[in-house]
Amino acid sequence: MVAAGLVIPAAGKTAETLRFGLTPVFLANDLELLDALRRYLSGATGHAVELISRRTYQEVTALLVSGQLDAAWICGYPYVKYRSQLDLVAIPQWNGKPLYQSYLIVSADREAQSLDDLKGDIHAFSDPDSNSGYLVTRTLLFERGLDPDLFFRKSIFTYEHRNVIRAVASGLAQSGSVDGYVWEVMREIEPDLVIRTRALRKSEWLGFPPIATSKSLARTPRIKALTGAFLSMKDDSGGRDVLDMLRLTGFVAGDDAIFDGIAAKVSLLRSVL
Amino acid sequence: MRLLWRFRRLPLTIRVPATVALLMVVISAIVSERVLDRLATTQGNYLQGLAYAYLDGIVASIIPSVLREDNWEVFDAVARMTPKSSPLRPVETVVTGKSGLVIASSDPLVRQTLSVLDPGFESLFSDGRVFIDESAGQGYARRAIAYQGQTIGQVHAVFDVSPLLEERRQVLVTLLLTNGMVTLSLGLIGFWAVGRMIRPMQVLETHMAEASAGSARLINESEYSGANREAMRMFAAFNGLVRSEAERQALTVRLAEEERLASLGRLASAMAHEINNPLGGLMNAVDTLRAHGDKRQVRAGSIDLIQRGLQGIREVVQATLATYRSEPLNRPLTGQDFIDLKLLMRPEMRRRQQSMDCRVAAMPDGAPKWPAGPVRQAVLNLLLNAAAVTPKGGRVGLAVRPEEGGLMVEISDQGDGMPETAKILLTGCRTGDLPVEGDGLGLWIVRQIADELEGTIAVSSGSPAHTVVRLFIPAPGPDKSLSRMEISHAA
C-alpha cells in the first residue's frame, strides 16, 4: 500500500502529464515496484506519468469519475457501480486469466469449517468499495439472510488487503475478507505472516480489478497510448520486470462481460447498500 | 560481647588499624548503598521519562481512532510505534476505551479485542508512577487518553526493564568489587600506616611503664627512628620529665641532707647550751681550787663539782656521737638506736624543760632487719616535731614495740593538735609535693621514708592536747635490700 496522499512525481509536471491513480488492489506498498511502473509507463506512452494514491477506493474513484485522473487501477466493484461513466483500459492477467477470487480467511489453527462458524467474530474487511474485501462476503451473508452487523460481533475496515491478513494473523480479528490474488502473492513474499492464516472459503472466479478511465477521456491519444503500454507490457523488458514484481502474466483489452459476476452481486445487494 | 572482649585484648597495633579498616568497610557499605539508591532513583526517573514519552506518542496518534473505536487503526498505530532500538522495549501495549473494553493490544491473542481487561493485570498499574516488578523484570505504566477534558480511554504498557535491572546488578557487582578491593587496599595501607604512626606511642608506653615501676630511663636516639615531629616532641617531653624527676630526686636527697644538717645545727646549739651551763660551774670550781685548793674540804667539793660537770658534758657528746658516728647507717635496726635517740633529744628537751616517756620493747631474736638510718631519721624528725609543739614543761612519748608483721613506733605529744596540712602530708593517699620554703620538710621526709619502707602512718587526736603519730614499718621483703634505701644515707 502507498500511504494516503503519497505522490510519486514525474520528471516534470506539464499539461502532457499522465495522472494515474492507484488503489490498494495490488501490492502498492513496494516503492521499487511503483518506480518501475512509472518508469515503464513514461517510456511506453511518451508522457510524464504521475502516480497518485489515496487511502480508500472511494477517494480514487471520485477523482477518476470527476476527470481529475486520466486513468486508475480500481476494483471491479466501483467499476461496476460507475460503469456508465467509465471505460476499461486494460485488465490484468493472473496465471493467464483476467480473473481472481475472494478468500474468507481465519487464523491457521482455528477449526472453523464454514461461514456459519464465524458467527460472533470480529471480522476484518478491506474496504467498503472492495469486491473481494467486502462485496463477496456481504453478498454471501445476504444470500443466507444474515445481517453482517448482527452476524459478526464487529466489522472493521483495514483499507488494505495486506492489513486484513495482518489483522487475522495477529488475532485482532478472528476472520477476514481478502483478495485471493494478494493472499497468494503474499504467501510468497511474506510467508511468516500468511502462514498464520488459512483460506476457509474461496469465492467463484470474478473479474480482476481493472484499469479504467472516464468515458470522456477514453478516446484521447493519451489513453490510447496508455492502453497500448499496458497491452504491450509483457513485450518490454521493463514491463516484464513490473509484471514479475506484480506476479502477473500481462494485460488484456477490456471485456466488460468479465465483470458480470460482480455486477450480479451489486444488483443483488442494491436494496441494502 | 565475647568477641568484643577478645578484640579489646588485642594489642593497640592491631586494634587501631583493624578499627580503621572496619570503619572503611562501613563507609564503603554506606557509599555503595547510597550510590545504588541514587542509581535506582535515576533509573526510575529515566524509565518513567521513556515510558511516558512512549505513551504520550501513542496517545497523540490514536485519539481520533479511539474516538471512533477503530480497532484496526489503534492496533496499527501501536504496532508502528513500537520502538525497535529503544533501551526501554515495550513488551505489551493495551488500549482500552471509555467502557473499559480492549480496543486493541499489541498481542490480541493475549488481550483479546473487545474483552474486559483482566483485573489482575490492571492492578499492576498505578497512575502517575511506573511500577517495577523486579522479580519479573518488567515495568508497568499507564496513561489516560484525554480529549476535550474527558477521559476516553487508557493506554497500558508493559516494558522489559531487565536491561536496566541488569545494568543495576552490574553496577552493584562492580561497586562491590571495586569498593572491596579499594577497602582492602586502603585497609592494609591504613593498617600499616596507623601501625607506623602509633609505634612511637608504643615506645612511649614502654618507657612510661618502666617509669611507673620506678626505673625511668631516657628514650634513646635509636628509638626515634620513624617518629614524626609530633612523636619527637612527645619523646623530648618525656625525656624532659625523666630528667626533671631525676633532678627532683637529687633535690630531695640534698634537702634531706640539709634537713639533717639543720637538725644537727639545732642539736649542736642545744648541746653547746648544755655544755656551756656546766662550763660556768667548772670555771668557778677551777677558780675556787686555784684560790682555796689547799683546803681539803673545798678541794674535794670543787673536784666533785668538776666531775659532775664533765660527766654531763660526756653524756651530751656520747649522744651526739651515737647519732652521727661514722659507721654505716644501713646496718639493721636495734633497740639501742631508740636509746640513742632519747639521749640525742635530751638536751633539746631539757632546754624546753620537757620530759620524755620512753618505752622501748626488746627486739626478739630473729627480728626483721629494718634499716637503722631511715628509721632513726624518721623517728628523730617526729620526736623533734613533738617537742616543738609540746608546751614548756610538757611530756613527749616514744613507744616502740614489735607487732605482727612489723614494727610499731608511736610518738605522742601534748601540743594543740596536728594541723590538717601536716596530717595530709603524713597520711595522704599520695606523697605530696615538696613543701614550699622548707615548711614541714621534716614531716615530708618522714613520709618519704615511710613510703620507701612501704610503711603506714596514722595520726590520731584523742583529745586536743594529745596527738599520737603511729608509724608502722612492715617486715622488709626479700627484694628490699638495705643498700637501696637512699634516704638512709641522707639521714
# chains A, B, ... in the order shown; residues from 1 in each chain; ligands from 1
call {"tool": "interface_residues", "arguments": {"of": "chain B", "to": "chain A", "cutoff": "12 Å", "atoms": "only C-alpha atoms", "output": "PDB file with N, CA and C atoms, in the first residue's frame"}}
result
ATOM      1  N   SER B  65      -8.741   7.628  16.508  1.00  0.00           N
ATOM      2  CA  SER B  65      -9.129   6.224  16.344  1.00  0.00           C
ATOM      3  C   SER B  65      -9.874   5.719  17.570  1.00  0.00           C
ATOM      4  N   ARG B  68     -13.356   6.882  17.484  1.00  0.00           N
ATOM      5  CA  ARG B  68     -14.168   6.082  16.543  1.00  0.00           C
ATOM      6  C   ARG B  68     -14.214   4.613  16.958  1.00  0.00           C
ATOM      7  N   GLU B  69     -13.441   4.287  17.997  1.00  0.00           N
ATOM      8  CA  GLU B  69     -13.271   2.893  18.417  1.00  0.00           C
ATOM      9  C   GLU B  69     -12.844   2.049  17.223  1.00  0.00           C
ATOM     10  N   ASP B  70     -11.902   2.600  16.468  1.00  0.00           N
ATOM     11  CA  ASP B  70     -11.382   1.926  15.271  1.00  0.00           C
ATOM     12  C   ASP B  70     -10.280   0.962  15.710  1.00  0.00           C
ATOM     13  N   ASN B  71     -10.635  -0.276  15.860  1.00  0.00           N
ATOM     14  CA  ASN B  71      -9.702  -1.269  16.395  1.00  0.00           C
ATOM     15  C   ASN B  71      -8.449  -1.396  15.538  1.00  0.00           C
ATOM     16  N   TRP B  72      -8.682  -1.416  14.207  1.00  0.00           N
ATOM     17  CA  TRP B  72      -7.532  -1.616  13.335  1.00  0.00           C
ATOM     18  C   TRP B  72      -6.551  -0.452  13.418  1.00  0.00           C
ATOM     19  N   GLU B  73      -7.044   0.757  13.353  1.00  0.00           N
ATOM     20  CA  GLU B  73      -6.147   1.912  13.362  1.00  0.00           C
ATOM     21  C   GLU B  73      -5.348   1.971  14.670  1.00  0.00           C
ATOM     22  N   VAL B  74      -6.015   1.636  15.756  1.00  0.00           N
ATOM     23  CA  VAL B  74      -5.309   1.631  17.040  1.00  0.00           C
ATOM     24  C   VAL B  74      -4.248   0.535  17.041  1.00  0.00           C
ATOM     25  N   PHE B  75      -4.647  -0.648  16.570  1.00  0.00           N
ATOM     26  CA  PHE B  75      -3.692  -1.759  16.507  1.00  0.00           C
ATOM     27  C   PHE B  75      -2.500  -1.391  15.632  1.00  0.00           C
ATOM     28  N   ASP B  76      -2.794  -0.811  14.454  1.00  0.00           N
ATOM     29  CA  ASP B  76      -1.734  -0.463  13.512  1.00  0.00           C
ATOM     30  C   ASP B  76      -0.810   0.604  14.091  1.00  0.00           C
ATOM     31  N   ALA B  79       1.410  -0.987  16.662  1.00  0.00           N
ATOM     32  CA  ALA B  79       2.431  -1.810  16.006  1.00  0.00           C
ATOM     33  C   ALA B  79       3.508  -0.937  15.374  1.00  0.00           C
ATOM     34  N   VAL B  94      -1.656  -2.171  25.645  1.00  0.00           N
ATOM     35  CA  VAL B  94      -3.091  -2.429  25.568  1.00  0.00           C
ATOM     36  C   VAL B  94      -3.824  -1.091  25.633  1.00  0.00           C
ATOM     37  N   VAL B 102     -11.153  -3.669  25.742  1.00  0.00           N
ATOM     38  CA  VAL B 102      -9.913  -3.551  24.981  1.00  0.00           C
ATOM     39  C   VAL B 102     -10.243  -3.152  23.547  1.00  0.00           C
ATOM     40  N   ILE B 103      -9.704  -2.019  23.114  1.00  0.00           N
ATOM     41  CA  ILE B 103      -9.874  -1.619  21.711  1.00  0.00           C
ATOM     42  C   ILE B 103      -8.863  -2.367  20.857  1.00  0.00           C
ATOM     43  N   ALA B 104      -7.662  -2.385  21.323  1.00  0.00           N
ATOM     44  CA  ALA B 104      -6.624  -3.141  20.604  1.00  0.00           C
ATOM     45  C   ALA B 104      -5.446  -3.329  21.541  1.00  0.00           C
ATOM     46  N   SER B 105      -4.716  -4.388  21.314  1.00  0.00           N
ATOM     47  CA  SER B 105      -3.490  -4.607  22.082  1.00  0.00           C
ATOM     48  C   SER B 105      -2.411  -5.067  21.126  1.00  0.00           C
ATOM     49  N   SER B 106      -1.185  -4.949  21.584  1.00  0.00           N
ATOM     50  CA  SER B 106      -0.087  -5.370  20.711  1.00  0.00           C
ATOM     51  C   SER B 106      -0.134  -6.872  20.470  1.00  0.00           C
ATOM     52  N   ASP B 107      -0.713  -7.601  21.363  1.00  0.00           N
ATOM     53  CA  ASP B 107      -0.871  -9.046  21.153  1.00  0.00           C
ATOM     54  C   ASP B 107      -2.330  -9.426  21.434  1.00  0.00           C
ATOM     55  N   PRO B 108      -3.158  -9.340  20.393  1.00  0.00           N
ATOM     56  CA  PRO B 108      -4.591  -9.607  20.603  1.00  0.00           C
ATOM     57  C   PRO B 108      -4.877 -11.030  21.065  1.00  0.00           C
ATOM     58  N   LEU B 109      -3.951 -11.942  20.851  1.00  0.00           N
ATOM     59  CA  LEU B 109      -4.191 -13.307  21.317  1.00  0.00           C
ATOM     60  C   LEU B 109      -4.154 -13.370  22.846  1.00  0.00           C
ATOM     61  N   VAL B 110      -3.387 -12.475  23.465  1.00  0.00           N
ATOM     62  CA  VAL B 110      -3.302 -12.440  24.927  1.00  0.00           C
ATOM     63  C   VAL B 110      -4.391 -11.535  25.502  1.00  0.00           C
ATOM     64  N   ARG B 111      -4.528 -10.329  24.964  1.00  0.00           N
ATOM     65  CA  ARG B 111      -5.582  -9.397  25.391  1.00  0.00           C
ATOM     66  C   ARG B 111      -6.542  -9.268  24.213  1.00  0.00           C
ATOM     67  N   GLN B 112      -7.590 -10.023  24.264  1.00  0.00           N
ATOM     68  CA  GLN B 112      -8.482 -10.091  23.112  1.00  0.00           C
ATOM     69  C   GLN B 112      -9.237  -8.785  22.900  1.00  0.00           C
ATOM     70  N   THR B 113      -9.439  -8.468  21.648  1.00  0.00           N
ATOM     71  CA  THR B 113     -10.162  -7.259  21.277  1.00  0.00           C
ATOM     72  C   THR B 113     -11.587  -7.324  21.825  1.00  0.00           C
ATOM     73  N   LEU B 114     -12.011  -6.209  22.370  1.00  0.00           N
ATOM     74  CA  LEU B 114     -13.362  -6.042  22.927  1.00  0.00           C
ATOM     75  C   LEU B 114     -13.599  -6.864  24.199  1.00  0.00           C
ATOM     76  N   SER B 115     -12.513  -7.383  24.777  1.00  0.00           N
ATOM     77  CA  SER B 115     -12.675  -8.113  26.041  1.00  0.00           C
ATOM     78  C   SER B 115     -12.472  -7.146  27.212  1.00  0.00           C
TER      79      SER B 115
END
call {"tool": "select_by_dssp", "arguments": {"residues": "range 22-216 of chain A", "states": "strand (DSSP E)", "output": "JSON, numbers by chain"}}
result
{"A": [22, 49, 50, 51, 52, 53, 71, 72, 73, 86, 87, 88, 89, 90, 91, 92, 93, 99, 100, 102, 103, 104, 105, 106, 107, 122, 123, 124, 125, 154, 155, 156, 157, 175, 176, 177, 178, 179, 197, 198, 199, 200, 201, 202, 206, 207, 211, 212, 213, 214]}
call {"tool": "select_by_dssp", "arguments": {"residues": "range 24-272 of chain A", "states": "helix (DSSP H, G or I)", "output": "number ranges by chain"}}
result
A: 31-45, 57-65, 76-81, 115-118, 131-143, 148-151, 161-170, 180-189, 191-194, 221-231, 233-235, 237-246, 256-269
call {"tool": "write_last_selection", "arguments": {"atoms": "C-alpha atoms", "output": "CSV table (one decimal), in the first residue's frame"}}
result
chain,number,residue,atom,x,y,z
A,31,LEU,CA,8.3,1.7,-3.8
A,32,GLU,CA,10.6,-0.2,-6.1
A,33,LEU,CA,7.5,-1.5,-7.9
A,34,LEU,CA,5.9,1.9,-8.2
A,35,ASP,CA,9.1,3.4,-9.5
A,36,ALA,CA,9.4,0.7,-12.1
A,37,LEU,CA,5.8,1.1,-13.2
A,38,ARG,CA,6.1,4.8,-13.5
A,39,ARG,CA,9.3,4.5,-15.5
A,40,TYR,CA,7.8,1.9,-17.8
A,41,LEU,CA,4.6,3.9,-18.4
A,42,SER,CA,6.5,7.1,-19.1
A,43,GLY,CA,8.7,5.3,-21.6
A,44,ALA,CA,5.9,3.4,-23.3
A,45,THR,CA,3.4,6.4,-23.5
A,57,TYR,CA,-11.2,3.2,-3.1
A,58,GLN,CA,-13.9,5.9,-2.8
A,59,GLU,CA,-11.4,8.7,-3.0
A,60,VAL,CA,-9.6,7.4,-6.1
A,61,THR,CA,-12.9,6.5,-7.8
A,62,ALA,CA,-14.2,10.0,-7.1
A,63,LEU,CA,-11.1,11.5,-8.7
A,64,LEU,CA,-11.4,9.3,-11.7
A,65,VAL,CA,-15.1,9.9,-12.3
A,76,GLY,CA,-14.2,-4.3,-10.1
A,77,TYR,CA,-16.9,-3.2,-7.7
A,78,PRO,CA,-16.5,0.6,-8.2
A,79,TYR,CA,-16.1,-0.1,-11.9
A,80,VAL,CA,-19.5,-1.8,-12.0
A,81,LYS,CA,-21.0,0.9,-9.8
A,115,LEU,CA,-19.1,-19.3,7.2
A,116,ASP,CA,-21.5,-20.4,9.9
A,117,ASP,CA,-18.6,-21.0,12.3
A,118,LEU,CA,-17.6,-17.3,12.0
A,131,ASN,CA,-15.2,-6.5,-4.3
A,132,SER,CA,-13.1,-9.3,-2.8
A,133,GLY,CA,-12.6,-7.4,0.5
A,134,TYR,CA,-16.2,-6.7,1.2
A,135,LEU,CA,-18.8,-7.3,-1.5
A,136,VAL,CA,-18.3,-11.0,-1.9
A,137,THR,CA,-18.7,-11.8,1.9
A,138,ARG,CA,-21.5,-9.3,2.2
A,139,THR,CA,-23.4,-11.0,-0.7
A,140,LEU,CA,-22.7,-14.4,0.9
A,141,LEU,CA,-24.3,-13.3,4.1
A,142,PHE,CA,-27.2,-11.6,2.3
A,143,GLU,CA,-27.9,-14.8,0.3
A,148,PRO,CA,-23.2,-8.6,8.9
A,149,ASP,CA,-23.8,-6.2,11.8
A,150,LEU,CA,-25.6,-8.9,13.7
A,151,PHE,CA,-23.8,-12.0,12.5
A,161,HIS,CA,-5.7,-6.4,1.8
A,162,ARG,CA,-2.4,-6.9,3.5
A,163,ASN,CA,-3.8,-5.4,6.6
A,164,VAL,CA,-6.7,-7.8,6.6
A,165,ILE,CA,-4.1,-10.6,6.7
A,166,ARG,CA,-2.2,-8.9,9.5
A,167,ALA,CA,-5.4,-8.4,11.5
A,168,VAL,CA,-6.4,-12.1,11.3
A,169,ALA,CA,-2.8,-13.3,11.8
A,170,SER,CA,-2.4,-11.2,14.9
A,180,GLY,CA,-7.2,-14.0,-3.2
A,181,TYR,CA,-4.5,-12.7,-5.5
A,182,VAL,CA,-3.0,-10.6,-2.8
A,183,TRP,CA,-3.1,-13.5,-0.3
A,184,GLU,CA,-1.4,-15.9,-2.7
A,185,VAL,CA,1.3,-13.5,-3.7
A,186,MET,CA,2.0,-12.5,-0.1
A,187,ARG,CA,2.3,-16.2,0.7
A,188,GLU,CA,5.5,-16.0,-1.4
A,189,ILE,CA,6.6,-12.6,-0.2
A,191,PRO,CA,5.3,-16.4,4.3
A,192,ASP,CA,5.8,-15.9,8.0
A,193,LEU,CA,2.7,-13.6,8.1
A,194,VAL,CA,0.5,-15.5,5.8
A,221,PRO,CA,-4.4,9.8,-27.7
A,222,ARG,CA,-3.0,9.7,-24.2
A,223,ILE,CA,-5.4,7.0,-23.1
A,224,LYS,CA,-4.8,5.1,-26.3
A,225,ALA,CA,-1.1,5.3,-25.6
A,226,LEU,CA,-1.7,4.2,-22.1
A,227,THR,CA,-3.8,1.2,-23.3
A,228,GLY,CA,-1.0,0.3,-25.7
A,229,ALA,CA,1.5,0.5,-23.0
A,230,PHE,CA,-0.4,-2.0,-20.7
A,231,LEU,CA,-1.2,-4.4,-23.5
A,233,MET,CA,3.9,-4.6,-21.2
A,234,LYS,CA,4.9,-8.3,-21.5
A,235,ASP,CA,6.8,-7.5,-24.6
A,237,SER,CA,11.9,-5.9,-20.6
A,238,GLY,CA,11.0,-3.0,-18.2
A,239,GLY,CA,7.4,-4.1,-18.5
A,240,ARG,CA,8.2,-7.7,-17.7
A,241,ASP,CA,10.1,-6.5,-14.6
A,242,VAL,CA,6.9,-4.8,-13.5
A,243,LEU,CA,4.8,-7.9,-14.2
A,244,ASP,CA,7.3,-10.1,-12.4
A,245,MET,CA,7.1,-7.9,-9.3
A,246,LEU,CA,3.3,-8.0,-9.6
A,256,ASP,CA,-17.0,-5.8,-19.9
A,257,ALA,CA,-18.6,-9.2,-19.6
A,258,ILE,CA,-15.8,-10.3,-17.2
A,259,PHE,CA,-17.4,-8.2,-14.5
A,260,ASP,CA,-20.9,-9.6,-14.9
A,261,GLY,CA,-20.4,-11.7,-11.7
A,262,ILE,CA,-19.6,-8.6,-9.7
A,263,ALA,CA,-22.5,-6.8,-11.3
A,264,ALA,CA,-24.8,-9.6,-10.3
A,265,LYS,CA,-23.8,-9.2,-6.7
A,266,VAL,CA,-24.2,-5.4,-6.8
A,267,SER,CA,-27.6,-5.9,-8.3
A,268,LEU,CA,-28.5,-8.4,-5.6
A,269,LEU,CA,-27.5,-6.0,-2.8
call {"tool": "residues_around", "arguments": {"residues": "range 193-196 of chain B", "least_positions_apart": "3", "cutoff": "7 Å", "atoms": "only C-alpha atoms", "output": "PyMOL selection string"}}
result
chain B and resi 13+17+189-190+199
call {"tool": "write_last_selection", "arguments": {"atoms": "C-alpha atoms", "output": "short mmCIF file (atom, residue, chain, number, x, y, z; two decimals), in the first residue's frame"}}
result
data_model
loop_
_atom_site.label_atom_id
_atom_site.label_comp_id
_atom_site.auth_asym_id
_atom_site.auth_seq_id
_atom_site.Cartn_x
_atom_site.Cartn_y
_atom_site.Cartn_z
CA THR B 13 48.88 -2.04 66.88
CA PRO B 17 44.32 -0.41 62.14
CA ILE B 189 47.70 0.63 53.88
CA GLY B 190 45.82 2.01 56.87
CA ARG B 199 54.76 2.89 67.04
#
